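Comments concern the structure below.
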Amino acid sequence: MPLFLGLDLGGTNIKVGLVDHTAKLIAQNSVVTPAEKGPDAVLATMAQAARDLVAKQGATMDQVTAIGVGSPGPLDLKHGIVRKAPNLPHWVNVPVEAKIRELTGRPCVLENDANAAAYGEFWAGAGKNSDIRHFIAFTLGTGIGSGIVVDGKIVHGATGMAGEGGHIIIFPNGRLCGCGQHGCIESYASATATVKRTIEAIEKGWASEFGGPRQPISDNALAKSFKGRLHEITAKDIFDAAKSGDPLATKIVDETAETLALTCVTFSRILEPQMIVFAGGMVFAGDFLFDKIRAFYEKHTWSVPVPGPKILPAVLGNDAGAIGAAGVAYAKFAQ
Ligand SMILES: [Zn+2]
């Protein structure tokens, strides 16, 4: 049985997953990234984690057809090089594909980590065993990562920078995003941005992101229960408050959902995906969030009578990156 290994390289942990050709996860593990020791130590740890996981299954590296690596970027996909990794010190022009091949003796393919996670959901998660070929995944965390699959293939663009859906500008002259643009979706609808907007509303009064005057907040349950410790508010607290009918939390959640829905409409006009999934920090809210996104999608989409995308939560959780990296290896080396 051919096996595929996926390595999900993060600043804190390296996740490794062993997957078969049917996209079934056979085994997985996570090891600490020795980030401060530099690229060679990190690459050696990745290779060792891969070998250990394979050995633990009573298999050998010869049975592994190929290895996929999901990495933060920017990357030079053509040459398999990580050009720079913001959370990994000293990572400048690191030839990951060549190094992993050298250390493991197996073919290797490098992919952007958000693309790998999206491919994981497409291949082995929400899109598995379906006729879906056009698929988009967003991860709502500190920022918003995304990946696009068109006709079964990841969309890379000219230099590998395509699929950055979190950095679509939705509000011109809006909030400054970490990427340097103003008004990106990420600066409104990530888990972190949703918390930030809530704290700001409690401190300064509520103002709709869609315009209108700032209004004072009175008798707000969130503001009361987090008095003096607003920085401790999490996205879950906001969703819980919204579920209990708290008016401010409801407004915040609604605008997060509407922003995400507008993103779905935008992608539908350009690519007509069959499925759009959301992963990460806010997916725990389940249908409470997804029903809102679907309703706002219906509000904003055109009147042309064609079916819209299925809008669903992702199913693989934190495993999507490693499974997807293995999937990328499968897509490149299996046939
Ligand atoms: Zn941005």
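In the structure tokens, the first chain shown is A, the next is B, and so on; residue numbers restart at 1 for each chain, and ligands run from 1 in the order shown.
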Show me, as a count of residues only, the residues that have an atom within 7 Å of Val64 in chain A when counting only C-alpha atoms, minus same-chain residues fewer than 5 positions from it.
4
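For range 130-236 of chain A, the set of residues given alpha helix (DSSP H) by DSSP on the backbone reads Glu186, Ser187, Tyr188, Ala189, Ala191, Thr192, Ala193, Thr194, Val195, Lys196, Arg197, Thr198, Ile199, Glu200, Ala201, Ile202, Glu203, Lys204, Ala221, Leu222, Ala223, Lys224, Ser225, Ala235 and Lys236 of chain A.
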Mind dumping the selected residues with N, CA, C and O atoms as a compact mmCIF listing (two decimals), in the first residue's frame?
# COMPACT_ATOMS: atom_id res chain seq x y z
N GLU A 186 -9.37 40.08 6.74
CA GLU A 186 -8.67 39.59 7.92
C GLU A 186 -8.75 40.54 9.11
O GLU A 186 -8.80 40.11 10.26
N SER A 187 -8.75 41.84 8.83
CA SER A 187 -8.74 42.79 9.94
C SER A 187 -10.15 43.03 10.50
O SER A 187 -10.35 43.86 11.38
N TYR A 188 -11.15 42.29 10.02
CA TYR A 188 -12.51 42.36 10.55
C TYR A 188 -13.02 41.02 11.05
O TYR A 188 -13.71 40.94 12.06
N ALA A 189 -12.71 39.94 10.32
CA ALA A 189 -13.43 38.69 10.56
C ALA A 189 -12.56 37.55 11.07
O ALA A 189 -13.06 36.44 11.25
N ALA A 191 -10.60 35.58 14.10
CA ALA A 191 -10.98 35.46 15.51
C ALA A 191 -10.39 36.64 16.30
O ALA A 191 -11.07 37.27 17.12
N THR A 192 -9.14 36.94 16.02
CA THR A 192 -8.47 38.04 16.72
C THR A 192 -9.14 39.37 16.44
O THR A 192 -9.37 40.18 17.36
N ALA A 193 -9.51 39.62 15.18
CA ALA A 193 -10.14 40.90 14.82
C ALA A 193 -11.54 41.01 15.44
O ALA A 193 -11.95 42.10 15.84
N THR A 194 -12.23 39.89 15.54
CA THR A 194 -13.57 39.90 16.15
C THR A 194 -13.48 40.29 17.63
O THR A 194 -14.27 41.09 18.12
N VAL A 195 -12.45 39.77 18.30
CA VAL A 195 -12.23 40.13 19.71
C VAL A 195 -11.86 41.61 19.81
O VAL A 195 -12.38 42.36 20.64
N LYS A 196 -10.98 42.05 18.92
CA LYS A 196 -10.51 43.43 18.93
C LYS A 196 -11.68 44.41 18.73
O LYS A 196 -11.79 45.43 19.41
N ARG A 197 -12.55 44.08 17.78
CA ARG A 197 -13.71 44.95 17.51
C ARG A 197 -14.64 45.02 18.72
O ARG A 197 -15.24 46.06 19.02
N THR A 198 -14.76 43.90 19.44
CA THR A 198 -15.63 43.86 20.62
C THR A 198 -15.07 44.76 21.72
O THR A 198 -15.81 45.58 22.31
N ILE A 199 -13.78 44.61 21.99
CA ILE A 199 -13.17 45.42 23.06
C ILE A 199 -13.26 46.90 22.71
O ILE A 199 -13.61 47.74 23.56
N GLU A 200 -13.02 47.19 21.46
CA GLU A 200 -13.11 48.59 21.00
C GLU A 200 -14.53 49.14 21.20
O GLU A 200 -14.71 50.27 21.64
N ALA A 201 -15.52 48.32 20.89
CA ALA A 201 -16.92 48.76 21.04
C ALA A 201 -17.26 49.00 22.51
O ALA A 201 -17.98 49.95 22.85
N ILE A 202 -16.75 48.15 23.39
CA ILE A 202 -17.03 48.33 24.81
C ILE A 202 -16.34 49.61 25.32
O ILE A 202 -16.91 50.37 26.08
N GLU A 203 -15.12 49.84 24.84
CA GLU A 203 -14.36 51.00 25.33
C GLU A 203 -14.84 52.32 24.73
O GLU A 203 -14.86 53.34 25.41
N LYS A 204 -15.21 52.28 23.45
CA LYS A 204 -15.51 53.55 22.76
C LYS A 204 -16.94 53.68 22.28
O LYS A 204 -17.32 54.71 21.72
N ALA A 221 -23.75 42.82 28.91
CA ALA A 221 -23.33 41.72 29.78
C ALA A 221 -21.83 41.44 29.65
O ALA A 221 -21.14 41.23 30.66
N LEU A 222 -21.31 41.48 28.42
CA LEU A 222 -19.89 41.22 28.21
C LEU A 222 -19.05 42.27 28.92
O LEU A 222 -18.08 41.95 29.61
N ALA A 223 -19.44 43.54 28.73
CA ALA A 223 -18.69 44.64 29.34
C ALA A 223 -18.68 44.49 30.87
O ALA A 223 -17.67 44.73 31.52
N LYS A 224 -19.82 44.06 31.41
CA LYS A 224 -19.92 43.91 32.87
C LYS A 224 -19.07 42.75 33.37
O LYS A 224 -18.31 42.89 34.32
N SER A 225 -19.18 41.61 32.72
CA SER A 225 -18.49 40.45 33.27
C SER A 225 -16.97 40.51 33.04
O SER A 225 -16.23 39.81 33.71
N ALA A 235 -12.94 34.88 21.54
CA ALA A 235 -13.99 34.77 20.52
C ALA A 235 -15.14 33.91 21.06
O ALA A 235 -16.32 34.19 20.82
N LYS A 236 -14.80 32.89 21.84
CA LYS A 236 -15.84 32.01 22.39
C LYS A 236 -16.76 32.80 23.33
O LYS A 236 -17.99 32.61 23.30
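Restricting the calculation to only C-alpha atoms, the smallest distance between Phe333 in chain A and any of A:Ala242, A:Ala98, A:Ala47, A:Cys108 is found for A:Cys108.
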Show me which residues are within 9 Å of ligand 1 counting only C-alpha atoms and all ligand atoms, and format the list as a JSON list (two decimals) with all heavy atoms, in the first residue's frame.
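Below you can see result-v1.json, which holds the result:
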[["chain", "number", "residue", "atom", "x", "y", "z"],
["A", 143, "GLY", "N", -5.06, 35.49, 12.03],
["A", 143, "GLY", "CA", -5.36, 36.12, 10.74],
["A", 143, "GLY", "C", -6.39, 35.27, 10.01],
["A", 143, "GLY", "O", -7.12, 34.50, 10.65],
["A", 144, "ILE", "N", -6.45, 35.41, 8.70],
["A", 144, "ILE", "CA", -7.30, 34.52, 7.90],
["A", 144, "ILE", "C", -6.43, 33.93, 6.79],
["A", 144, "ILE", "O", -5.98, 34.65, 5.90],
["A", 144, "ILE", "CB", -8.51, 35.26, 7.29],
["A", 144, "ILE", "CG1", -9.42, 35.79, 8.41],
["A", 144, "ILE", "CG2", -9.30, 34.32, 6.37],
["A", 144, "ILE", "CD1", -10.70, 36.45, 7.91],
["A", 164, "GLU", "N", -4.84, 34.25, -1.40],
["A", 164, "GLU", "CA", -4.78, 34.99, -0.14],
["A", 164, "GLU", "C", -6.12, 35.72, 0.07],
["A", 164, "GLU", "O", -6.19, 36.96, 0.06],
["A", 164, "GLU", "CB", -3.61, 35.97, -0.13],
["A", 164, "GLU", "CG", -2.25, 35.29, -0.05],
["A", 164, "GLU", "CD", -1.97, 34.66, 1.32],
["A", 164, "GLU", "OE1", -2.69, 34.98, 2.28],
["A", 164, "GLU", "OE2", -1.04, 33.85, 1.40],
["A", 166, "GLY", "N", -7.94, 36.20, 2.58],
["A", 166, "GLY", "CA", -8.07, 37.04, 3.77],
["A", 166, "GLY", "C", -7.68, 38.48, 3.51],
["A", 166, "GLY", "O", -8.00, 39.38, 4.29],
["A", 167, "HIS", "N", -6.99, 38.71, 2.40],
["A", 167, "HIS", "CA", -6.50, 40.06, 2.12],
["A", 167, "HIS", "C", -7.23, 40.71, 0.95],
["A", 167, "HIS", "O", -6.70, 41.61, 0.30],
["A", 167, "HIS", "CB", -4.98, 40.04, 1.94],
["A", 167, "HIS", "CG", -4.30, 39.52, 3.16],
["A", 167, "HIS", "ND1", -4.13, 40.30, 4.29],
["A", 167, "HIS", "CD2", -3.86, 38.28, 3.48],
["A", 167, "HIS", "CE1", -3.57, 39.56, 5.24],
["A", 167, "HIS", "NE2", -3.41, 38.33, 4.78],
["A", 168, "ILE", "N", -8.46, 40.25, 0.72],
["A", 168, "ILE", "CA", -9.35, 41.00, -0.15],
["A", 168, "ILE", "C", -9.78, 42.25, 0.62],
["A", 168, "ILE", "O", -10.13, 42.16, 1.80],
["A", 168, "ILE", "CB", -10.60, 40.16, -0.49],
["A", 168, "ILE", "CG1", -10.23, 39.05, -1.47],
["A", 168, "ILE", "CG2", -11.73, 41.03, -1.05],
["A", 168, "ILE", "CD1", -11.37, 38.12, -1.77],
["A", 169, "ILE", "N", -9.72, 43.40, -0.04],
["A", 169, "ILE", "CA", -10.13, 44.65, 0.63],
["A", 169, "ILE", "C", -11.64, 44.76, 0.56],
["A", 169, "ILE", "O", -12.24, 44.73, -0.52],
["A", 169, "ILE", "CB", -9.46, 45.86, -0.01],
["A", 169, "ILE", "CG1", -7.94, 45.79, 0.23],
["A", 169, "ILE", "CG2", -10.03, 47.16, 0.56],
["A", 169, "ILE", "CD1", -7.15, 46.86, -0.51],
["A", 176, "LEU", "N", -6.20, 49.04, 9.37],
["A", 176, "LEU", "CA", -4.89, 48.64, 8.85],
["A", 176, "LEU", "C", -4.68, 47.16, 9.12],
["A", 176, "LEU", "O", -4.84, 46.69, 10.24],
["A", 176, "LEU", "CB", -3.78, 49.47, 9.51],
["A", 176, "LEU", "CG", -2.35, 49.12, 9.10],
["A", 176, "LEU", "CD1", -2.12, 49.37, 7.61],
["A", 176, "LEU", "CD2", -1.34, 49.90, 9.94],
["A", 177, "CYS", "N", -4.32, 46.43, 8.08],
["A", 177, "CYS", "CA", -4.06, 44.99, 8.20],
["A", 177, "CYS", "C", -2.56, 44.76, 8.39],
["A", 177, "CYS", "O", -1.75, 45.60, 7.98],
["A", 177, "CYS", "CB", -4.57, 44.30, 6.94],
["A", 177, "CYS", "SG", -4.36, 42.51, 6.95],
["A", 178, "GLY", "N", -2.22, 43.62, 8.95],
["A", 178, "GLY", "CA", -0.80, 43.26, 9.12],
["A", 178, "GLY", "C", -0.04, 43.20, 7.81],
["A", 178, "GLY", "O", 1.18, 43.30, 7.77],
["A", 179, "CYS", "N", -0.77, 43.05, 6.70],
["A", 179, "CYS", "CA", -0.12, 42.93, 5.38],
["A", 179, "CYS", "C", 0.23, 44.29, 4.79],
["A", 179, "CYS", "O", 0.90, 44.36, 3.77],
["A", 179, "CYS", "CB", -1.03, 42.17, 4.42],
["A", 179, "CYS", "SG", -2.42, 43.16, 3.81],
["A", 180, "GLY", "N", -0.25, 45.38, 5.43],
["A", 180, "GLY", "CA", 0.06, 46.71, 4.92],
["A", 180, "GLY", "C", -1.08, 47.36, 4.16],
["A", 180, "GLY", "O", -1.05, 48.56, 3.90],
["A", 181, "GLN", "N", -2.08, 46.56, 3.80],
["A", 181, "GLN", "CA", -3.26, 47.13, 3.14],
["A", 181, "GLN", "C", -4.24, 47.62, 4.22],
["A", 181, "GLN", "O", -4.18, 47.22, 5.37],
["A", 181, "GLN", "CB", -3.96, 46.06, 2.28],
["A", 181, "GLN", "CG", -3.14, 45.55, 1.13],
["A", 181, "GLN", "CD", -3.85, 44.47, 0.31],
["A", 181, "GLN", "OE1", -3.38, 44.14, -0.75],
["A", 181, "GLN", "NE2", -4.94, 43.92, 0.79],
["A", 182, "HIS", "N", -5.17, 48.44, 3.79],
["A", 182, "HIS", "CA", -6.24, 48.87, 4.70],
["A", 182, "HIS", "C", -7.54, 48.18, 4.32],
["A", 182, "HIS", "O", -7.88, 48.11, 3.12],
["A", 182, "HIS", "CB", -6.43, 50.39, 4.61],
["A", 182, "HIS", "CG", -5.38, 51.16, 5.34],
["A", 182, "HIS", "ND1", -5.53, 51.58, 6.64],
["A", 182, "HIS", "CD2", -4.16, 51.57, 4.96],
["A", 182, "HIS", "CE1", -4.45, 52.22, 7.04],
["A", 182, "HIS", "NE2", -3.59, 52.23, 6.02],
["A", 183, "GLY", "N", -8.28, 47.72, 5.31],
["A", 183, "GLY", "CA", -9.64, 47.22, 5.08],
["A", 183, "GLY", "C", -9.76, 45.79, 4.62],
["A", 183, "GLY", "O", -10.79, 45.38, 4.08],
["A", 184, "CYS", "N", -8.69, 44.97, 4.87],
["A", 184, "CYS", "CA", -8.76, 43.54, 4.49],
["A", 184, "CYS", "C", -9.79, 42.81, 5.35],
["A", 184, "CYS", "O", -10.01, 43.15, 6.52],
["A", 184, "CYS", "CB", -7.42, 42.86, 4.75],
["A", 184, "CYS", "SG", -6.09, 43.42, 3.70],
["A", 185, "ILE", "N", -10.37, 41.77, 4.77],
["A", 185, "ILE", "CA", -11.29, 40.91, 5.50],
["A", 185, "ILE", "C", -10.66, 40.41, 6.81],
["A", 185, "ILE", "O", -11.32, 40.35, 7.83],
["A", 185, "ILE", "CB", -11.69, 39.72, 4.60],
["A", 185, "ILE", "CG1", -12.60, 40.20, 3.49],
["A", 185, "ILE", "CG2", -12.36, 38.61, 5.39],
["A", 185, "ILE", "CD1", -12.53, 39.36, 2.26],
["A", 186, "GLU", "N", -9.37, 40.08, 6.74],
["A", 186, "GLU", "CA", -8.67, 39.59, 7.92],
["A", 186, "GLU", "C", -8.75, 40.54, 9.11],
["A", 186, "GLU", "O", -8.80, 40.11, 10.26],
["A", 186, "GLU", "CB", -7.20, 39.32, 7.57],
["A", 186, "GLU", "CG", -6.33, 38.95, 8.75],
["A", 186, "GLU", "CD", -4.94, 38.50, 8.34],
["A", 186, "GLU", "OE1", -4.82, 37.54, 7.56],
["A", 186, "GLU", "OE2", -3.97, 39.12, 8.81],
["A", 187, "SER", "N", -8.75, 41.84, 8.83],
["A", 187, "SER", "CA", -8.74, 42.79, 9.94],
["A", 187, "SER", "C", -10.15, 43.03, 10.50],
["A", 187, "SER", "O", -10.35, 43.86, 11.38],
["A", 187, "SER", "CB", -8.04, 44.09, 9.56],
["A", 187, "SER", "OG", -8.45, 44.53, 8.30]]
CA of Leu110 in chain A and CA of Val16 in chain A, how far apart in Å?
14.1 Å
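Taking CA of His231 in chain A as the reference point, CA of Pro216 in chain A is found at 19.6 Å.
Nearest residue to Val155 in chain A among A:Ile132, A:Leu25, A:Ala314, A:Ala116 is A:Ala116, counting only C-alpha atoms.
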Just list as a VMD selection string whatever in range 28-145 of chain A DSSP marks as strand (DSSP E or B).
chain A and resid 28 to 32 64 to 71 75 to 76 81 to 84 92 to 94 108 to 112 135 to 140 144 to 145
Write a file of the just-selected residues containing C-alpha atoms, as a PDB file, in the first residue's frame.
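The result, stored in part-v8.pdb:
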ATOM      1  CA  GLN A  28       0.167  11.273  13.285  1.00  0.00           C
ATOM      2  CA  ASN A  29       2.493  13.001  15.703  1.00  0.00           C
ATOM      3  CA  SER A  30       3.613  16.442  16.751  1.00  0.00           C
ATOM      4  CA  VAL A  31       7.091  17.534  17.826  1.00  0.00           C
ATOM      5  CA  VAL A  32       8.445  20.832  19.097  1.00  0.00           C
ATOM      6  CA  VAL A  64       6.591   6.122   1.505  1.00  0.00           C
ATOM      7  CA  THR A  65       6.021   7.284  -2.052  1.00  0.00           C
ATOM      8  CA  ALA A  66       6.697  10.934  -1.270  1.00  0.00           C
ATOM      9  CA  ILE A  67       6.710  13.624   1.403  1.00  0.00           C
ATOM     10  CA  GLY A  68       4.817  16.914   1.322  1.00  0.00           C
ATOM     11  CA  VAL A  69       5.823  19.909   3.431  1.00  0.00           C
ATOM     12  CA  GLY A  70       3.422  22.708   4.290  1.00  0.00           C
ATOM     13  CA  SER A  71       5.361  25.817   5.257  1.00  0.00           C
ATOM     14  CA  LEU A  75       7.974  30.378  -0.909  1.00  0.00           C
ATOM     15  CA  ASP A  76       9.682  29.729  -4.210  1.00  0.00           C
ATOM     16  CA  ILE A  81      12.620  26.966  -1.395  1.00  0.00           C
ATOM     17  CA  VAL A  82      11.273  28.790   1.657  1.00  0.00           C
ATOM     18  CA  ARG A  83      12.272  32.359   0.864  1.00  0.00           C
ATOM     19  CA  LYS A  84      11.372  33.661   4.302  1.00  0.00           C
ATOM     20  CA  VAL A  92      16.054  32.866   4.386  1.00  0.00           C
ATOM     21  CA  ASN A  93      16.137  30.937   1.111  1.00  0.00           C
ATOM     22  CA  VAL A  94      16.064  27.487   2.722  1.00  0.00           C
ATOM     23  CA  CYS A 108       9.517  15.924  -1.562  1.00  0.00           C
ATOM     24  CA  VAL A 109       7.167  18.714  -2.548  1.00  0.00           C
ATOM     25  CA  LEU A 110       6.822  22.076  -0.821  1.00  0.00           C
ATOM     26  CA  GLU A 111       3.498  23.885  -0.474  1.00  0.00           C
ATOM     27  CA  ASN A 112       2.235  26.992   1.273  1.00  0.00           C
ATOM     28  CA  PHE A 135     -13.303  24.268  -3.357  1.00  0.00           C
ATOM     29  CA  ILE A 136     -12.124  27.048  -1.049  1.00  0.00           C
ATOM     30  CA  ALA A 137     -11.054  26.839   2.587  1.00  0.00           C
ATOM     31  CA  PHE A 138     -10.524  29.658   5.054  1.00  0.00           C
ATOM     32  CA  THR A 139      -8.875  29.372   8.458  1.00  0.00           C
ATOM     33  CA  LEU A 140     -10.073  31.966  10.953  1.00  0.00           C
ATOM     34  CA  ILE A 144      -7.298  34.516   7.901  1.00  0.00           C
ATOM     35  CA  GLY A 145      -5.479  31.928   5.820  1.00  0.00           C
TER      36      GLY A 145
END
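Look at His156 in chain A: the protein and nucleic acid residues within 10 Å of it, using only C-alpha atoms and passing over chain neighbours fewer than 6 places away, are Leu77, Glu111, Asn112, Asn115, Gly147, Ile148, Val149, Ala162, Gly163 and Glu164 of chain A.
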Taking 4 positions as the minimum chain separation for residues in the same chain, which residues sit within 10 Å of Gln48 in chain A when counting only C-alpha atoms? Answer as number ranges by chain.
A: 31, 42-44, 52-54, 103-104
Serialized selection, N, CA and C atoms, as a CSV table (one decimal), in the first residue's frame:
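That gives us part09.csv:
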chain,number,residue,atom,x,y,z
A,31,VAL,N,5.9,17.3,17.1
A,31,VAL,CA,7.1,17.5,17.8
A,31,VAL,C,7.4,19.0,17.9
A,42,VAL,N,16.0,22.4,12.4
A,42,VAL,CA,14.5,22.2,12.2
A,42,VAL,C,14.3,21.1,11.1
A,43,LEU,N,15.1,21.2,10.0
A,43,LEU,CA,14.9,20.2,9.0
A,43,LEU,C,15.3,18.8,9.5
A,44,ALA,N,16.3,18.7,10.3
A,44,ALA,CA,16.7,17.4,10.9
A,44,ALA,C,15.6,16.8,11.7
A,52,ASP,N,10.5,8.4,12.5
A,52,ASP,CA,9.9,7.8,13.7
A,52,ASP,C,8.5,7.4,13.5
A,53,LEU,N,7.7,8.2,12.8
A,53,LEU,CA,6.3,7.9,12.7
A,53,LEU,C,6.1,6.7,11.8
A,54,VAL,N,6.9,6.6,10.7
A,54,VAL,CA,6.9,5.4,9.8
A,54,VAL,C,7.3,4.2,10.6
A,103,LEU,N,17.7,14.1,3.4
A,103,LEU,CA,17.7,13.6,4.7
A,103,LEU,C,16.8,12.3,4.8
A,104,THR,N,15.9,12.1,3.9
A,104,THR,CA,14.9,11.0,4.0
A,104,THR,C,15.1,10.0,2.9
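The residue that comes closest to Ala322 in chain A, out of A:Pro247, A:Pro86, A:Gly120, A:Gly212 and on the basis of only C-alpha atoms, is A:Gly120.
Here CA of Lys292 in chain A stands at a distance of 7.5 Å from CA of Glu258 in chain A.
Shortest atom-to-atom contact with Pro74 in chain A among A:Ile270, A:Leu7, A:Met161, A:Ala126: A:Met161, counting only C-alpha atoms.
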